[in-house]
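*Asks:* coords_36.txt is reproduced below (compact mmCIF, C-alpha atoms).
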# COMPACT_ATOMS: atom_id res chain seq x y z
CA LYS A 877 8.05 0.32 7.97
CA GLU A 878 10.85 -2.03 8.96
CA VAL A 879 12.99 0.74 10.46
CA ASN A 880 10.03 1.89 12.55
CA LYS A 881 9.29 -1.68 13.63
CA GLN A 882 12.87 -2.38 14.73
CA ALA A 883 13.23 1.01 16.42
CA LYS A 884 10.04 0.39 18.38
CA LYS A 885 11.33 -3.01 19.55
CA ASN A 886 14.42 -1.27 20.91
CA ASP A 887 12.57 1.76 22.32
CA ARG A 888 14.45 4.14 20.01
CA THR A 889 13.73 6.84 17.49
CA ILE A 890 15.86 6.56 14.35
CA LYS A 891 16.79 9.60 12.29
CA CYS A 892 16.47 8.82 8.58
CA LEU A 893 17.07 10.40 5.20
CA LEU A 894 14.75 9.66 2.31
CA GLN A 895 16.70 8.45 -0.71
CA MET A 896 15.87 10.24 -3.95
CA HIS A 897 16.54 8.83 -7.41
CA ILE A 898 18.31 11.64 -9.28
CA ALA A 899 20.78 9.66 -11.40
CA LYS A 900 20.31 8.82 -15.05
CA GLU A 901 21.21 5.18 -14.50
CA GLU A 902 19.28 2.08 -13.54
CA SER A 903 21.68 0.95 -10.80
CA LYS A 904 20.56 3.74 -8.45
CA PHE A 905 17.32 3.62 -6.48
CA GLY A 906 15.06 5.94 -4.53
CA LEU A 907 11.92 8.01 -4.65
CA ASP A 908 11.12 10.22 -7.59
CA GLU A 909 9.83 13.73 -7.00
CA ASN A 910 6.15 12.80 -7.23
CA GLU A 911 6.56 9.87 -4.84
CA LEU A 912 8.30 12.13 -2.31
CA PHE A 913 5.56 14.74 -2.26
CA GLU A 914 2.85 12.05 -2.14
CA LEU A 915 4.60 10.48 0.85
CA LEU A 916 4.98 13.81 2.64
CA ALA A 917 1.27 14.55 2.13
CA SER A 918 0.07 11.06 3.11
CA ASP A 919 -0.80 9.67 6.51
CA ASN A 920 1.76 6.86 6.10
CA LEU A 921 4.83 8.77 7.21
CA LYS A 922 3.31 10.41 10.27
CA ASN A 923 2.25 7.02 11.62
CA PHE A 924 5.89 6.00 12.08
CA GLU A 925 6.30 6.99 15.72
CA ASN A 926 9.88 5.71 15.96
CA VAL A 927 11.22 7.34 12.80
CA GLU A 928 12.28 10.95 12.41
CA VAL A 929 12.86 11.97 8.81
CA ILE A 930 15.51 14.70 8.82
CA GLY A 931 16.10 15.23 5.12
CA LEU A 932 16.99 13.82 1.73
CA MET A 933 19.91 12.01 0.15
CA GLY A 934 20.85 11.25 -3.42
CA MET A 935 23.68 9.99 -5.58
CA ALA A 936 24.43 11.39 -9.01
CA THR A 937 25.16 9.37 -12.12
CA PHE A 938 28.62 7.75 -12.14
CA THR A 939 30.09 9.67 -15.05
CA ASP A 940 32.95 11.96 -16.00
CA ASN A 941 30.37 14.50 -17.23
CA LYS A 942 30.65 17.05 -14.40
CA GLU A 943 27.81 19.19 -15.78
CA GLN A 944 25.41 16.24 -15.68
CA VAL A 945 26.40 15.58 -12.07
CA ARG A 946 25.99 19.27 -11.23
CA GLU A 947 22.51 19.36 -12.81
CA GLU A 948 21.44 16.28 -10.85
CA PHE A 949 22.61 17.87 -7.60
CA LYS A 950 20.86 21.14 -8.48
CA SER A 951 17.68 19.20 -9.12
CA LEU A 952 17.87 17.50 -5.72
CA LYS A 953 18.57 20.81 -3.97
CA ASP A 954 15.49 22.29 -5.64
CA ILE A 955 13.34 19.35 -4.49
CA PHE A 956 14.79 19.68 -0.98
CA ASP A 957 13.99 23.41 -0.84
CA ARG A 958 10.43 22.83 -2.04
CA ALA A 959 9.96 20.01 0.49
CA LYS A 960 11.16 22.30 3.30
CA SER A 961 8.51 24.84 2.39
CA GLN A 962 5.65 22.30 2.53
CA PRO A 963 3.60 21.50 5.61
CA LEU A 964 5.42 18.44 6.97
CA PRO A 965 4.34 15.63 9.31
CA GLN A 966 5.34 16.17 12.94
CA ASN A 967 8.10 13.54 12.69
CA THR A 968 9.60 15.14 9.58
CA LYS A 969 11.88 18.11 9.18
CA MET A 970 14.05 18.98 6.23
CA THR A 971 17.36 20.00 7.77
CA GLU A 972 19.85 17.64 6.09
CA LEU A 973 20.73 17.25 2.42
CA SER A 974 23.27 14.52 1.68
CA MET A 975 24.64 14.45 -1.86
CA GLY A 976 27.75 13.10 -3.49
CA MET A 977 30.39 10.49 -3.04
CA SER A 978 34.18 10.77 -2.75
CA GLY A 979 34.57 11.58 -6.46
CA ASP A 980 32.00 14.38 -6.63
CA TYR A 981 31.65 15.71 -3.11
CA GLU A 982 33.13 19.10 -3.99
CA THR A 983 30.41 19.65 -6.60
CA ALA A 984 27.82 18.44 -4.09
CA ILE A 985 29.00 21.01 -1.55
CA GLU A 986 28.93 23.75 -4.19
CA GLU A 987 25.32 22.83 -4.98
CA GLY A 988 24.10 22.87 -1.38
CA SER A 989 24.94 19.59 0.33
With the file now loaded, output its structure as structure tokens.

*Replies:*
Amino acid sequence: KEVNKQAKKNDRTIKCLLQMHIAKEESKFGLDENELFELLASDNLKNFENVEVIGLMGMATFTDNKEQVREEFKSLKDIFDRAKSQPLPQNTKMTELSMGMSGDYETAIEEGS
């Protein structure tokens, strides 16, 4: 709501990614899968005239367990692919998937980022 409000004040449309919570740790935030699909199906998102949702983003758990990180990225890629196949609000398109940080970006790329 705030991004839309500020964009409107400045006569702009802001491209945004929806942050998904895929990590197995409390320090990360974002939507869970159910919240995402509820938002995409609701009237709330399409009422933001100055926001264009272009995809999803997520950060994996900060761990040395590379398989856990890989599974979290796979999960987000699956959610992204299912979201792309849904009817989406006019201001929403699923073209971008941002995953990973400097320590796990190679795995993120391998899994579809």

*Asks:* So which residues touch Lys881 in chain A within 10 Å, counting all atoms listed in the file, skipping near sequence neighbours fewer than 5 positions away, as an mmCIF file with C-alpha atoms, keeping the file's coordinate frame?

*Replies:*
data_model
loop_
_atom_site.group_PDB
_atom_site.id
_atom_site.type_symbol
_atom_site.label_atom_id
_atom_site.label_comp_id
_atom_site.auth_asym_id
_atom_site.auth_seq_id
_atom_site.Cartn_x
_atom_site.Cartn_y
_atom_site.Cartn_z
ATOM 1 C CA ASN A 886 14.420 -1.270 20.910
ATOM 2 C CA ASP A 887 12.570 1.760 22.320
ATOM 3 C CA PHE A 924 5.890 6.000 12.080
ATOM 4 C CA GLU A 925 6.300 6.990 15.720
ATOM 5 C CA ASN A 926 9.880 5.710 15.960
ATOM 6 C CA VAL A 927 11.220 7.340 12.800
#

*Asks:* Tell me which protein, DNA and RNA residues are within 12 Å of Asp919 in chain A, counting only C-alpha atoms, leaving out same-chain ones fewer than 5 positions away, and put them as a count of residues only.

*Replies:* 8

*Asks:* Can you work out the spacing between CA of Ala899 in chain A and CA of Met935 in chain A in Å, to one decimal?

*Replies:*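 Going from CA of Ala899 in chain A over to CA of Met935 in chain A, I get 6.5 Å.
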
*Asks:* Let me make sure I understand: among A:Thr971, A:Asp980, A:Glu986, A:Asn880, which one has the smallest atom-to-atom distance to Ile930 in chain A if we use all atoms listed in the file?

*Replies:*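 Looking only at the distances to Ile930 in chain A, the closest residue turns out to be A:Thr971.
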
*Asks:* Taking only C-alpha atoms into account, which of A:Glu943, A:Glu911, A:Glu987, A:Glu928 comes nearest Ile890 in chain A?

*Replies:*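 Checking each candidate against Ile890 in chain A, we get A:Glu928 as the closest.
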
*Asks:* Please report the interatomic distance between CA of Pro963 in chain A and CA of Thr889 in chain A in Å with one decimal.

*Replies:* 21.4 Å

*Asks:* Measure the distance from CA of Leu893 in chain A to CA of Thr968 in chain A in Å and round it to one decimal.

*Replies:*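 CA of Leu893 in chain A sits 9.9 Å away from CA of Thr968 in chain A.
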
*Asks:* Using all atoms listed in the file, can you tell me which of A:Ala936, A:Leu894, A:Ile955, A:Val945 comes closest to Asn910 in chain A?

*Replies:*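 Smallest distance to Asn910 in chain A is found for A:Ile955.
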
*Asks:* Check the smallest atom-to-atom distance from each of A:Lys969, A:Gly934, A:Ser951, A:Leu915 to Tyr981 in chain A using all atoms listed in the file, then report the winner.

*Replies:*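 Checking each candidate against Tyr981 in chain A, we get A:Gly934 as the closest.
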